[in-house]
$ cat input_37.tsv   # TSV, C-alpha atoms
chain	number	residue	atom	x	y	z
A	159	MET	CA	42.87	-69.10	-11.13
A	160	LYS	CA	46.32	-69.99	-12.40
A	161	ALA	CA	47.97	-67.25	-14.46
A	162	ALA	CA	51.06	-67.44	-16.65
A	163	ILE	CA	53.17	-64.51	-17.80
A	164	VAL	CA	55.41	-64.81	-20.85
A	165	GLY	CA	57.99	-62.04	-20.87
A	166	ALA	CA	57.90	-61.61	-17.10
A	167	THR	CA	61.21	-59.76	-16.83
A	168	GLY	CA	60.09	-56.67	-18.75
A	169	TYR	CA	58.41	-53.68	-17.15
A	170	GLY	CA	55.00	-54.89	-18.27
A	171	GLY	CA	55.71	-58.33	-16.82
A	172	ILE	CA	56.84	-57.16	-13.40
A	173	GLU	CA	53.82	-54.85	-13.20
A	174	LEU	CA	51.54	-57.80	-13.96
A	175	ILE	CA	53.19	-59.69	-11.11
A	176	ARG	CA	52.74	-56.75	-8.71
A	177	LEU	CA	49.03	-56.49	-9.47
A	178	LEU	CA	48.24	-60.21	-9.75
A	179	HIS	CA	50.03	-60.93	-6.47
A	180	ASN	CA	47.24	-59.10	-4.63
A	181	HIS	CA	44.39	-60.33	-6.83
A	182	PRO	CA	41.95	-62.37	-4.69
A	183	GLU	CA	41.05	-64.78	-7.51
A	184	VAL	CA	44.60	-65.58	-8.65
A	185	LYS	CA	46.16	-68.37	-6.61
A	186	LYS	CA	49.26	-69.10	-8.68
A	187	ILE	CA	51.49	-67.07	-10.99
A	188	ALA	CA	53.95	-68.84	-13.29
A	189	VAL	CA	56.63	-66.82	-15.05
A	190	PHE	CA	58.29	-67.58	-18.39
A	191	SER	CA	61.23	-66.11	-20.27
A	192	SER	CA	63.07	-67.03	-23.45
A	193	SER	CA	66.37	-65.60	-22.19
A	194	GLN	CA	66.50	-65.97	-18.39
A	195	GLU	CA	65.32	-69.53	-17.77
A	196	GLY	CA	66.31	-70.82	-14.32
A	197	LYS	CA	66.73	-67.41	-12.71
A	198	THR	CA	64.42	-66.19	-9.99
A	199	MET	CA	62.38	-63.02	-10.34
A	200	ALA	CA	64.35	-61.54	-7.45
A	201	GLU	CA	67.55	-61.84	-9.47
A	202	SER	CA	66.07	-59.50	-12.06
A	203	TYR	CA	64.10	-57.40	-9.61
A	204	PRO	CA	65.52	-57.47	-6.05
A	205	HIS	CA	62.57	-55.43	-4.76
A	206	VAL	CA	60.41	-58.60	-4.88
A	207	SER	CA	62.82	-60.63	-2.70
A	208	GLU	CA	60.94	-62.79	-0.17
A	209	ILE	CA	57.66	-61.73	-1.79
A	210	ILE	CA	57.80	-63.37	-5.23
A	211	ASP	CA	59.86	-66.56	-5.27
A	212	GLU	CA	58.90	-67.95	-8.68
A	213	THR	CA	61.65	-69.22	-10.96
A	214	LEU	CA	61.58	-68.31	-14.65
A	215	GLU	CA	60.73	-71.19	-16.95
A	216	ASP	CA	61.54	-71.68	-20.60
A	217	ILE	CA	58.57	-71.14	-22.89
A	218	ASN	CA	56.71	-74.44	-23.18
A	219	VAL	CA	53.36	-74.42	-24.96
A	220	ASP	CA	52.04	-77.56	-23.27
A	221	HIS	CA	52.81	-76.12	-19.84
A	222	LEU	CA	51.28	-72.76	-20.73
A	223	LYS	CA	48.04	-74.49	-21.72
A	224	GLN	CA	47.68	-75.76	-18.15
A	225	HIS	CA	46.92	-72.23	-16.95
A	226	ASP	CA	43.56	-70.49	-16.98
A	227	VAL	CA	44.98	-67.34	-18.57
A	228	VAL	CA	48.25	-66.53	-20.33
A	229	PHE	CA	49.54	-62.96	-20.54
A	230	LEU	CA	51.91	-62.36	-23.44
A	231	SER	CA	54.07	-59.41	-22.43
A	232	THR	CA	56.43	-59.89	-25.34
A	233	PRO	CA	58.14	-57.96	-28.15
A	234	PRO	CA	56.40	-57.77	-31.56
A	235	GLY	CA	56.45	-61.07	-33.44
A	236	VAL	CA	56.48	-63.44	-30.45
A	237	SER	CA	52.77	-63.30	-29.74
A	238	ALA	CA	51.89	-63.80	-33.39
A	239	ASP	CA	53.60	-67.18	-33.22
A	240	LEU	CA	52.51	-68.31	-29.74
A	241	THR	CA	48.87	-67.31	-29.73
A	242	GLY	CA	47.71	-69.77	-32.36
A	243	GLN	CA	49.26	-72.60	-30.35
A	244	LEU	CA	47.45	-71.63	-27.14
A	245	VAL	CA	43.91	-70.71	-28.18
A	246	PRO	CA	41.36	-72.23	-27.55
A	247	ASP	CA	42.98	-74.34	-24.80
A	248	THR	CA	43.43	-71.30	-22.58
A	249	LYS	CA	42.47	-67.65	-22.55
A	250	VAL	CA	45.15	-65.36	-23.97
A	251	ILE	CA	45.71	-61.66	-23.32
A	252	ASP	CA	48.31	-60.20	-25.65
A	253	LEU	CA	50.05	-57.02	-24.47
A	254	SER	CA	52.15	-56.68	-27.63
A	255	GLY	CA	50.85	-55.02	-30.78
A	256	ASP	CA	50.66	-58.21	-32.82
A	257	LEU	CA	46.87	-58.58	-32.79
A	258	ARG	CA	45.64	-54.99	-32.53
A	259	LEU	CA	45.47	-54.12	-36.23
A	260	LYS	CA	42.82	-55.97	-38.18
A	261	ASP	CA	44.41	-55.30	-41.57
A	262	ALA	CA	47.55	-57.42	-41.98
A	263	SER	CA	48.98	-55.08	-44.62
A	264	VAL	CA	48.70	-52.11	-42.25
A	265	TYR	CA	50.54	-54.06	-39.56
A	266	GLU	CA	53.31	-55.02	-41.95
A	267	LYS	CA	53.70	-51.42	-43.11
A	268	TRP	CA	53.97	-49.91	-39.62
A	269	TYR	CA	55.74	-52.76	-37.78
A	270	GLY	CA	58.02	-53.84	-40.62
A	271	ARG	CA	57.43	-57.56	-40.11
A	272	ALA	CA	55.03	-60.32	-41.10
A	273	SER	CA	51.58	-60.16	-39.53
A	274	ALA	CA	49.86	-62.82	-37.45
A	275	GLU	CA	47.46	-65.18	-39.21
A	276	THR	CA	44.34	-63.43	-40.50
A	277	SER	CA	42.12	-65.79	-38.51
A	278	LEU	CA	43.76	-64.65	-35.26
A	279	LEU	CA	43.40	-60.99	-36.20
A	280	LYS	CA	39.68	-61.52	-36.78
A	281	GLU	CA	39.20	-63.46	-33.55
A	282	ALA	CA	41.08	-61.09	-31.24
A	283	VAL	CA	38.94	-58.52	-29.43
A	284	TYR	CA	40.46	-55.08	-28.95
A	285	GLY	CA	40.39	-54.63	-25.19
A	286	LEU	CA	39.48	-51.00	-24.58
A	287	THR	CA	37.42	-52.16	-21.62
A	288	GLU	CA	35.13	-49.17	-21.14
A	289	TRP	CA	33.89	-49.40	-24.74
A	290	ARG	CA	34.16	-53.11	-25.60
A	291	LYS	CA	32.91	-54.88	-22.48
A	292	GLU	CA	30.23	-57.03	-24.16
A	293	GLU	CA	32.72	-58.35	-26.73
A	294	ILE	CA	35.37	-58.93	-24.07
A	295	GLU	CA	32.96	-61.01	-21.97
A	296	LYS	CA	32.62	-63.52	-24.83
A	297	THR	CA	36.19	-63.87	-26.07
A	298	ASP	CA	39.10	-66.19	-25.30
A	299	LEU	CA	41.58	-63.99	-27.18
A	300	LEU	CA	42.15	-60.39	-26.26
A	301	SER	CA	44.47	-57.79	-27.72
A	302	ASN	CA	45.35	-55.26	-25.04
A	303	PRO	CA	45.50	-51.65	-26.34
A	304	GLY	CA	48.75	-49.71	-26.53
A	305	CYS	CA	49.55	-47.08	-23.91
A	306	TYR	CA	49.19	-44.00	-26.09
A	307	PRO	CA	45.97	-45.26	-27.76
A	308	THR	CA	44.42	-45.97	-24.36
A	309	ALA	CA	44.87	-42.37	-23.21
A	310	VAL	CA	43.89	-40.93	-26.59
A	311	LEU	CA	40.85	-43.09	-27.31
A	312	LEU	CA	39.35	-42.77	-23.83
A	313	GLY	CA	39.80	-39.02	-24.17
A	314	LEU	CA	38.19	-38.75	-27.61
A	315	ALA	CA	35.51	-41.46	-27.55
A	316	PRO	CA	32.55	-39.40	-26.25
A	317	LEU	CA	33.19	-36.62	-28.79
A	318	VAL	CA	33.57	-38.94	-31.77
A	319	LYS	CA	30.68	-41.21	-30.88
A	320	GLU	CA	28.33	-38.25	-30.41
A	321	GLY	CA	29.48	-36.54	-33.61
A	322	ALA	CA	30.77	-33.43	-31.85
A	323	ILE	CA	34.02	-33.43	-33.85
A	324	ASP	CA	35.50	-34.76	-37.05
A	325	ALA	CA	38.29	-37.14	-36.06
A	326	ASN	CA	40.20	-36.19	-39.21
A	327	GLN	CA	40.75	-32.76	-37.70
A	328	VAL	CA	42.26	-34.04	-34.43
A	329	ILE	CA	45.80	-33.14	-33.42
A	330	ILE	CA	47.29	-35.31	-30.67
A	331	ASP	CA	50.24	-34.03	-28.65
A	332	ALA	CA	51.34	-36.82	-26.29
A	333	LYS	CA	54.10	-37.15	-23.69
A	334	SER	CA	55.34	-40.33	-22.01
A	335	GLY	CA	57.72	-41.38	-19.29
A	336	THR	CA	60.69	-43.50	-20.33
A	337	THR	CA	59.30	-46.86	-19.16
A	338	GLY	CA	57.19	-46.78	-22.30
A	339	ALA	CA	60.35	-47.60	-24.25
A	340	GLY	CA	60.89	-50.83	-22.29
A	341	ARG	CA	63.72	-52.06	-20.10
A	342	SER	CA	66.37	-52.66	-22.75
A	343	LEU	CA	69.01	-49.97	-22.93
A	344	ASN	CA	69.04	-47.66	-25.92
A	345	ALA	CA	70.36	-44.23	-26.76
A	346	ILE	CA	67.02	-42.45	-26.62
A	347	THR	CA	66.43	-43.39	-22.96
A	348	HIS	CA	70.02	-43.38	-21.70
A	349	PHE	CA	70.26	-41.22	-18.55
A	350	SER	CA	72.80	-38.84	-20.01
A	351	GLU	CA	70.63	-38.35	-23.08
A	352	MET	CA	67.27	-38.10	-21.32
A	353	ASN	CA	67.97	-36.30	-18.05
A	354	ASP	CA	67.13	-32.58	-18.16
A	355	ASN	CA	65.88	-33.08	-21.72
A	356	PHE	CA	62.60	-33.22	-23.65
A	357	LYS	CA	62.42	-35.23	-26.88
A	358	VAL	CA	60.08	-35.60	-29.79
A	359	TYR	CA	60.41	-38.95	-31.56
A	360	LYS	CA	58.95	-41.06	-34.38
A	361	VAL	CA	57.20	-38.03	-35.87
A	362	ASN	CA	54.50	-39.30	-38.27
A	363	GLU	CA	55.96	-42.80	-37.85
A	364	HIS	CA	54.78	-44.12	-34.47
A	365	LYS	CA	53.17	-47.56	-34.73
A	366	HIS	CA	50.34	-46.53	-32.40
A	367	THR	CA	49.04	-44.16	-35.09
A	368	PRO	CA	47.16	-46.79	-37.14
A	369	GLU	CA	45.76	-48.29	-33.94
A	370	ILE	CA	44.23	-44.93	-32.99
A	371	GLU	CA	42.94	-44.41	-36.52
A	372	GLN	CA	41.44	-47.89	-36.72
A	373	GLU	CA	39.30	-47.38	-33.62
A	374	LEU	CA	38.26	-43.85	-34.53
A	375	SER	CA	37.30	-45.05	-38.02
A	376	GLY	CA	35.09	-47.74	-36.52
A	377	TRP	CA	33.25	-45.20	-34.39
A	378	MET	CA	32.85	-42.74	-37.29
A	379	GLN	CA	31.98	-45.40	-39.90
A	380	GLU	CA	34.50	-43.81	-42.24
A	381	ASN	CA	38.26	-43.64	-42.56
A	382	ALA	CA	39.91	-41.35	-40.05
A	383	THR	CA	43.45	-39.95	-40.13
A	384	VAL	CA	45.04	-38.05	-37.26
A	385	THR	CA	48.19	-36.10	-36.54
A	386	PHE	CA	49.89	-37.88	-33.64
A	387	THR	CA	53.18	-36.64	-32.20
A	388	PRO	CA	54.76	-38.47	-29.24
A	389	HIS	CA	57.39	-37.05	-26.88
A	390	LEU	CA	59.59	-38.45	-24.12
A	391	VAL	CA	59.92	-36.57	-20.86
A	392	PRO	CA	62.44	-37.29	-18.07
A	393	MET	CA	60.08	-39.13	-15.73
A	394	THR	CA	59.60	-42.84	-15.07
A	395	ARG	CA	55.85	-43.35	-15.50
A	396	GLY	CA	52.91	-41.54	-16.97
A	397	ILE	CA	51.32	-40.36	-20.19
A	398	MET	CA	49.61	-37.07	-20.88
A	399	ALA	CA	47.76	-36.86	-24.17
A	400	THR	CA	46.49	-33.42	-25.13
A	401	MET	CA	44.05	-33.42	-28.04
A	402	TYR	CA	42.81	-30.46	-30.06
A	403	ALA	CA	39.92	-30.38	-32.53
A	404	PRO	CA	37.39	-27.91	-33.96
A	405	LEU	CA	33.89	-28.44	-32.56
A	406	HIS	CA	30.92	-28.77	-34.87
A	407	LYS	CA	28.44	-25.91	-34.71
A	408	GLY	CA	25.96	-25.95	-31.87
A	409	TRP	CA	28.25	-27.62	-29.33
A	410	THR	CA	29.10	-25.78	-26.12
A	411	GLU	CA	31.28	-26.64	-23.15
A	412	GLN	CA	28.17	-27.55	-21.17
A	413	ASN	CA	27.02	-29.97	-23.91
A	414	VAL	CA	30.47	-31.51	-24.05
A	415	LYS	CA	30.68	-31.93	-20.29
A	416	GLU	CA	27.31	-33.64	-20.29
A	417	ILE	CA	28.35	-36.28	-22.83
A	418	TYR	CA	31.54	-37.04	-20.90
A	419	ASP	CA	29.67	-37.38	-17.62
A	420	LYS	CA	27.11	-39.63	-19.27
A	421	ALA	CA	29.76	-41.78	-20.97
A	422	TYR	CA	31.89	-42.36	-17.89
A	423	ASN	CA	29.55	-41.87	-14.94
A	424	GLU	CA	29.45	-45.61	-14.23
A	425	LYS	CA	32.97	-46.45	-15.43
A	426	THR	CA	35.09	-47.20	-12.39
A	427	PHE	CA	38.46	-46.29	-13.83
A	428	VAL	CA	37.69	-43.13	-15.82
A	429	ARG	CA	37.38	-39.93	-13.80
A	430	VAL	CA	36.16	-36.77	-15.53
A	431	ARG	CA	37.32	-33.56	-13.89
A	432	LYS	CA	35.10	-30.62	-13.05
A	433	SER	CA	35.08	-27.74	-15.53
A	434	GLY	CA	38.19	-25.60	-15.32
A	435	THR	CA	40.39	-28.30	-13.77
A	436	PHE	CA	42.85	-30.60	-15.53
A	437	PRO	CA	44.65	-33.79	-14.48
A	438	PHE	CA	48.39	-34.33	-13.97
A	439	THR	CA	50.22	-37.62	-14.49
A	440	LYS	CA	51.18	-37.90	-10.82
A	441	GLU	CA	47.50	-38.00	-9.90
A	442	VAL	CA	47.08	-41.47	-11.44
A	443	TYR	CA	50.56	-42.81	-10.58
A	444	GLY	CA	50.57	-46.55	-9.92
A	445	THR	CA	46.85	-46.97	-10.61
A	446	ASN	CA	44.42	-48.08	-13.31
A	447	TYR	CA	42.72	-44.69	-13.53
A	448	CYS	CA	42.40	-42.50	-16.59
A	449	ASP	CA	41.66	-38.89	-15.64
A	450	ILE	CA	40.21	-36.53	-18.24
A	451	GLY	CA	39.74	-32.76	-18.38
A	452	VAL	CA	37.98	-30.88	-21.18
A	453	THR	CA	37.52	-27.25	-22.11
A	454	VAL	CA	36.12	-25.32	-25.07
A	455	ASP	CA	37.70	-22.15	-26.39
A	456	GLU	CA	34.67	-20.16	-27.53
A	457	ARG	CA	36.96	-17.71	-29.34
A	458	THR	CA	38.22	-20.39	-31.73
A	459	ASP	CA	35.44	-23.01	-31.37
A	460	ARG	CA	38.07	-25.61	-30.58
A	461	ILE	CA	38.01	-28.19	-27.82
A	462	THR	CA	41.02	-29.26	-25.78
A	463	VAL	CA	40.98	-32.67	-24.10
A	464	VAL	CA	43.65	-33.66	-21.57
A	465	SER	CA	43.89	-37.37	-20.73
A	466	VAL	CA	46.39	-38.90	-18.30
A	467	ILE	CA	47.22	-42.49	-17.38
A	468	ASP	CA	50.01	-44.51	-15.83
A	469	ASN	CA	51.47	-46.13	-18.95
A	470	LEU	CA	52.41	-49.34	-17.12
A	471	VAL	CA	49.02	-49.80	-15.43
A	472	LYS	CA	46.03	-48.46	-17.38
A	473	GLY	CA	48.28	-48.33	-20.45
A	474	ALA	CA	49.35	-51.97	-20.13
A	475	SER	CA	49.17	-54.41	-17.20
A	476	GLY	CA	46.31	-52.90	-15.24
A	477	GLN	CA	44.04	-52.75	-18.25
A	478	ALA	CA	45.07	-56.34	-19.09
A	479	ILE	CA	43.90	-57.47	-15.64
A	480	GLN	CA	40.73	-55.39	-15.95
A	481	ASN	CA	40.09	-57.29	-19.19
A	482	MET	CA	40.92	-60.61	-17.53
A	483	ASN	CA	38.30	-59.88	-14.89
A	484	VAL	CA	35.67	-59.20	-17.55
A	485	MET	CA	36.63	-62.33	-19.50
A	486	PHE	CA	36.15	-64.49	-16.38
A	487	GLY	CA	32.97	-62.81	-15.18
A	488	ILE	CA	34.65	-61.17	-12.21
A	489	PRO	CA	33.83	-57.55	-11.23
A	490	GLU	CA	36.21	-55.57	-13.43
A	491	GLU	CA	37.73	-53.55	-10.57
A	492	THR	CA	38.84	-56.70	-8.69
A	493	GLY	CA	42.48	-56.49	-7.64
A	494	LEU	CA	42.85	-53.02	-9.11
A	495	TYR	CA	41.46	-50.66	-6.49
A	496	SER	CA	44.28	-48.52	-5.14
A	497	VAL	CA	44.89	-44.91	-4.21
A	498	PRO	CA	47.39	-43.12	-6.47
A	499	ILE	CA	50.92	-42.72	-5.09
A	500	TYR	CA	51.35	-39.04	-4.35
A	501	PRO	CA	53.56	-37.08	-4.39

$ encode --input "input_37.tsv" --output "structure tokens"
Amino acid sequence: MKAAIVGATGYGGIELIRLLHNHPEVKKIAVFSSSQEGKTMAESYPHVSEIIDETLEDINVDHLKQHDVVFLSTPPGVSADLTGQLVPDTKVIDLSGDLRLKDASVYEKWYGRASAETSLLKEAVYGLTEWRKEEIEKTDLLSNPGCYPTAVLLGLAPLVKEGAIDANQVIIDAKSGTTGAGRSLNAITHFSEMNDNFKVYKVNEHKHTPEIEQELSGWMQENATVTFTPHLVPMTRGIMATMYAPLHKGWTEQNVKEIYDKAYNEKTFVRVRKSGTFPFTKEVYGTNYCDIGVTVDERTDRITVVSVIDNLVKGASGQAIQNMNVMFGIPEETGLYSVPIYP
């Protein structure tokens, strides 16, 4: 296959290149940028010198259409404009948030900008691979989930789908490494501000909130609202989402463990921990795994779910490639099997 990456100089873009470079079905990778046309990838990222020699091209729709798949690793607003010009001539995987929310008014409220065309919002399949595989197999337009929603939704799905909890009662306490904020410099991720520090941010305002609620609502068949609080921690990669919710009567830790094992037993990239053990972010570093630990506090009848991912892989580029594999009828783990980098 021939793959194109728009926005190749961001963290999501360079991670796509790292993973696609070793993908057995991808024979050519073209890279595009609206601001660094004519530069080589090695000029932006010297660590790929003599490995990746592609030169960045200006964004040209006709040229993009010549590729089998186009990854849009772009800021909000760019994908909304480009996607309609590319589909159906090529398959598109959008890593921005432009196509995730099905209600245009919700997008405009949370993102503060005009939404993509309604027809594109309806056509785009939300690419939470473990739960949407049949839809993903049939689509030419995929909206890749956000990093926080990936960790949260994979962690909560078995409980919500089996009716063990009321999603409206969920509290989500999530922490992310600084790469989640992108490569552009800003005060919140500046070394002097972030080092030896721990920050809460966008309290009750994070744009991943409606994405989480949208998917939970679909599973519950009623509107769901959650409390979602994100934090930044002084590390490069990783997300840990810790979720709390009261269990409905009759549910025990054994019942809960059984539904998780059943849900993910045949899912390559979701690993459910044994009772009494919980995952750490370093244990999925550099991989497409999501590790989940669950426990029930019988004293309070509340469940705690801990879900960890690498925000740049399972939370972005790795999941995008997993979805690409499904879209092209390739085994979904192709090009993604790797042992976590540890320590």

$ atom_distance --input "input_37.tsv" --atom1 "CA of Ile397 in chain A" --atom2 "CA of Val189 in chain A"
27.5 Å

$ atom_distance --input "input_37.tsv" --atom1 "CA of Thr458 in chain A" --atom2 "CA of Ile323 in chain A"
13.9 Å

$ closest_residue --input "input_37.tsv" --among "A:Phe190, A:Phe436, A:Val219, A:Pro182" --to "Pro489 in chain A" --atoms "all atoms listed in the file"
A:Pro182

$ closest_residue --input "input_37.tsv" --among "A:Phe438, A:Tyr169, A:Phe427, A:Tyr269" --to "Ser496 in chain A" --atoms "all atoms listed in the file"
A:Phe427

$ residues_near_point --input "input_37.tsv" --point "(31.0, -40.0, -36.3)" --cutoff "12 Å" --atoms "all atoms listed in the file" --output "PyMOL selection string"
chain A and resi 314-326+373-382+406

$ closest_residue --input "input_37.tsv" --among "A:Thr276, A:Thr387, A:Ser433, A:Gln477" --to "Lys360 in chain A" --atoms "only C-alpha atoms"
A:Thr387

$ closest_residue --input "input_37.tsv" --among "A:Asn353, A:Thr337, A:Thr367, A:Ser237" --to "Ser301 in chain A" --atoms "all atoms listed in the file"
A:Ser237

$ residues_around --input "input_37.tsv" --residues "Asn362 in chain A" --least-positions-apart "6" --cutoff "10 Å" --atoms "only C-alpha atoms" --output "ChimeraX atom specification"
/A:384-388

$ write_last_selection --input "input_37.tsv" --atoms "C-alpha atoms" --output "compact mmCIF listing (two decimals), in the coordinates of the input"
# COMPACT_ATOMS: atom_id res chain seq x y z
CA VAL A 384 45.04 -38.05 -37.26
CA THR A 385 48.19 -36.10 -36.54
CA PHE A 386 49.89 -37.88 -33.64
CA THR A 387 53.18 -36.64 -32.20
CA PRO A 388 54.76 -38.47 -29.24

$ atom_distance --input "input_37.tsv" --atom1 "CA of Leu300 in chain A" --atom2 "CA of Glu369 in chain A"
14.8 Å

$ residues_around --input "input_37.tsv" --residues "Ala272 in chain A" --least-positions-apart "2" --cutoff "12 Å" --atoms "all atoms listed in the file" --output "VMD selection string"
chain A and resid 234 to 239 256 to 257 261 to 270 274 to 276

$ residues_around --input "input_37.tsv" --residues "Glu173 in chain A" --least-positions-apart "4" --cutoff "10 Å" --atoms "all atoms listed in the file" --output "JSON, numbers by chain"
{"A": [166, 167, 168, 169, 177, 178, 179, 444, 470, 471, 474, 475, 476]}

$ closest_residue --input "input_37.tsv" --among "A:Arg176, A:His225, A:Lys357, A:Lys365" --to "Lys249 in chain A" --atoms "only C-alpha atoms"
A:His225

$ closest_residue --input "input_37.tsv" --among "A:Glu371, A:Glu215, A:Glu195, A:Glu411" --to "Leu259 in chain A" --atoms "all atoms listed in the file"
A:Glu371

$ residues_near_point --input "input_37.tsv" --point "(46.4, -55.1, -24.8)" --cutoff "7 Å" --atoms "all atoms listed in the file" --output "ChimeraX atom specification"
/A:251-254,285,300-304,474,478

$ residues_around --input "input_37.tsv" --residues "Lys440 in chain A" --least-positions-apart "5" --cutoff "8 Å" --atoms "all atoms listed in the file" --output "list of chain:residue names"
A:Gly396, A:Pro498, A:Ile499, A:Tyr500, A:Pro501

$ axis_aligned_box --input "input_37.tsv" --around "range 405-414 of chain A" --padding-each-side "3 Å" --output "lines of an AutoDock Vina configuration file"
center_x = 29.9
center_y = -28.6
center_z = -28.0
size_x = 13.9
size_y = 11.7
size_z = 19.7

$ decode --input "input_37.tsv" --residues "range 261-282 of chain A" --atoms "N, CA and C atoms" --output "PDB file, in the first residue's frame"
ATOM      1  N   ASP A 261     -23.073  15.317  16.487  1.00  0.00           N
ATOM      2  CA  ASP A 261     -23.930  16.501  16.571  1.00  0.00           C
ATOM      3  C   ASP A 261     -23.067  17.738  16.320  1.00  0.00           C
ATOM      4  N   ALA A 262     -23.320  18.422  15.216  1.00  0.00           N
ATOM      5  CA  ALA A 262     -22.504  19.584  14.838  1.00  0.00           C
ATOM      6  C   ALA A 262     -22.554  20.673  15.904  1.00  0.00           C
ATOM      7  N   SER A 263     -23.701  20.857  16.537  1.00  0.00           N
ATOM      8  CA  SER A 263     -23.824  21.918  17.543  1.00  0.00           C
ATOM      9  C   SER A 263     -22.977  21.611  18.773  1.00  0.00           C
ATOM     10  N   VAL A 264     -22.839  20.336  19.110  1.00  0.00           N
ATOM     11  CA  VAL A 264     -21.994  19.947  20.244  1.00  0.00           C
ATOM     12  C   VAL A 264     -20.535  20.219  19.912  1.00  0.00           C
ATOM     13  N   TYR A 265     -20.136  19.898  18.686  1.00  0.00           N
ATOM     14  CA  TYR A 265     -18.760  20.188  18.263  1.00  0.00           C
ATOM     15  C   TYR A 265     -18.470  21.680  18.362  1.00  0.00           C
ATOM     16  N   GLU A 266     -19.370  22.477  17.846  1.00  0.00           N
ATOM     17  CA  GLU A 266     -19.156  23.926  17.827  1.00  0.00           C
ATOM     18  C   GLU A 266     -19.093  24.507  19.234  1.00  0.00           C
ATOM     19  N   LYS A 267     -19.854  23.934  20.152  1.00  0.00           N
ATOM     20  CA  LYS A 267     -19.835  24.406  21.532  1.00  0.00           C
ATOM     21  C   LYS A 267     -18.496  24.102  22.194  1.00  0.00           C
ATOM     22  N   TRP A 268     -17.988  22.883  22.025  1.00  0.00           N
ATOM     23  CA  TRP A 268     -16.793  22.447  22.746  1.00  0.00           C
ATOM     24  C   TRP A 268     -15.495  22.841  22.036  1.00  0.00           C
ATOM     25  N   TYR A 269     -15.521  22.926  20.712  1.00  0.00           N
ATOM     26  CA  TYR A 269     -14.317  23.250  19.948  1.00  0.00           C
ATOM     27  C   TYR A 269     -14.233  24.728  19.575  1.00  0.00           C
ATOM     28  N   GLY A 270     -15.368  25.423  19.658  1.00  0.00           N
ATOM     29  CA  GLY A 270     -15.360  26.849  19.365  1.00  0.00           C
ATOM     30  C   GLY A 270     -15.089  27.192  17.926  1.00  0.00           C
ATOM     31  N   ARG A 271     -15.526  26.338  17.009  1.00  0.00           N
ATOM     32  CA  ARG A 271     -15.329  26.597  15.579  1.00  0.00           C
ATOM     33  C   ARG A 271     -16.423  25.882  14.798  1.00  0.00           C
ATOM     34  N   ALA A 272     -16.524  26.195  13.520  1.00  0.00           N
ATOM     35  CA  ALA A 272     -17.551  25.579  12.675  1.00  0.00           C
ATOM     36  C   ALA A 272     -17.271  24.090  12.512  1.00  0.00           C
ATOM     37  N   SER A 273     -18.338  23.318  12.466  1.00  0.00           N
ATOM     38  CA  SER A 273     -18.232  21.865  12.328  1.00  0.00           C
ATOM     39  C   SER A 273     -18.017  21.472  10.870  1.00  0.00           C
ATOM     40  N   ALA A 274     -17.589  20.240  10.670  1.00  0.00           N
ATOM     41  CA  ALA A 274     -17.533  19.660   9.328  1.00  0.00           C
ATOM     42  C   ALA A 274     -18.955  19.488   8.797  1.00  0.00           C
ATOM     43  N   GLU A 275     -19.074  19.239   7.507  1.00  0.00           N
ATOM     44  CA  GLU A 275     -20.388  19.022   6.899  1.00  0.00           C
ATOM     45  C   GLU A 275     -21.107  17.852   7.573  1.00  0.00           C
ATOM     46  N   THR A 276     -22.395  17.994   7.741  1.00  0.00           N
ATOM     47  CA  THR A 276     -23.196  16.968   8.409  1.00  0.00           C
ATOM     48  C   THR A 276     -23.068  15.620   7.720  1.00  0.00           C
ATOM     49  N   SER A 277     -22.980  15.625   6.399  1.00  0.00           N
ATOM     50  CA  SER A 277     -22.863  14.363   5.659  1.00  0.00           C
ATOM     51  C   SER A 277     -21.597  13.611   6.037  1.00  0.00           C
ATOM     52  N   LEU A 278     -20.507  14.340   6.272  1.00  0.00           N
ATOM     53  CA  LEU A 278     -19.243  13.707   6.674  1.00  0.00           C
ATOM     54  C   LEU A 278     -19.346  13.161   8.097  1.00  0.00           C
ATOM     55  N   LEU A 279     -20.008  13.901   8.966  1.00  0.00           N
ATOM     56  CA  LEU A 279     -20.172  13.444  10.345  1.00  0.00           C
ATOM     57  C   LEU A 279     -20.960  12.130  10.380  1.00  0.00           C
ATOM     58  N   LYS A 280     -21.965  12.027   9.529  1.00  0.00           N
ATOM     59  CA  LYS A 280     -22.777  10.810   9.480  1.00  0.00           C
ATOM     60  C   LYS A 280     -21.999   9.645   8.887  1.00  0.00           C
ATOM     61  N   GLU A 281     -21.160   9.937   7.901  1.00  0.00           N
ATOM     62  CA  GLU A 281     -20.423   8.874   7.211  1.00  0.00           C
ATOM     63  C   GLU A 281     -19.268   8.329   8.038  1.00  0.00           C
ATOM     64  N   ALA A 282     -18.625   9.179   8.821  1.00  0.00           N
ATOM     65  CA  ALA A 282     -17.426   8.773   9.551  1.00  0.00           C
ATOM     66  C   ALA A 282     -17.762   7.742  10.630  1.00  0.00           C
TER      67      ALA A 282
END
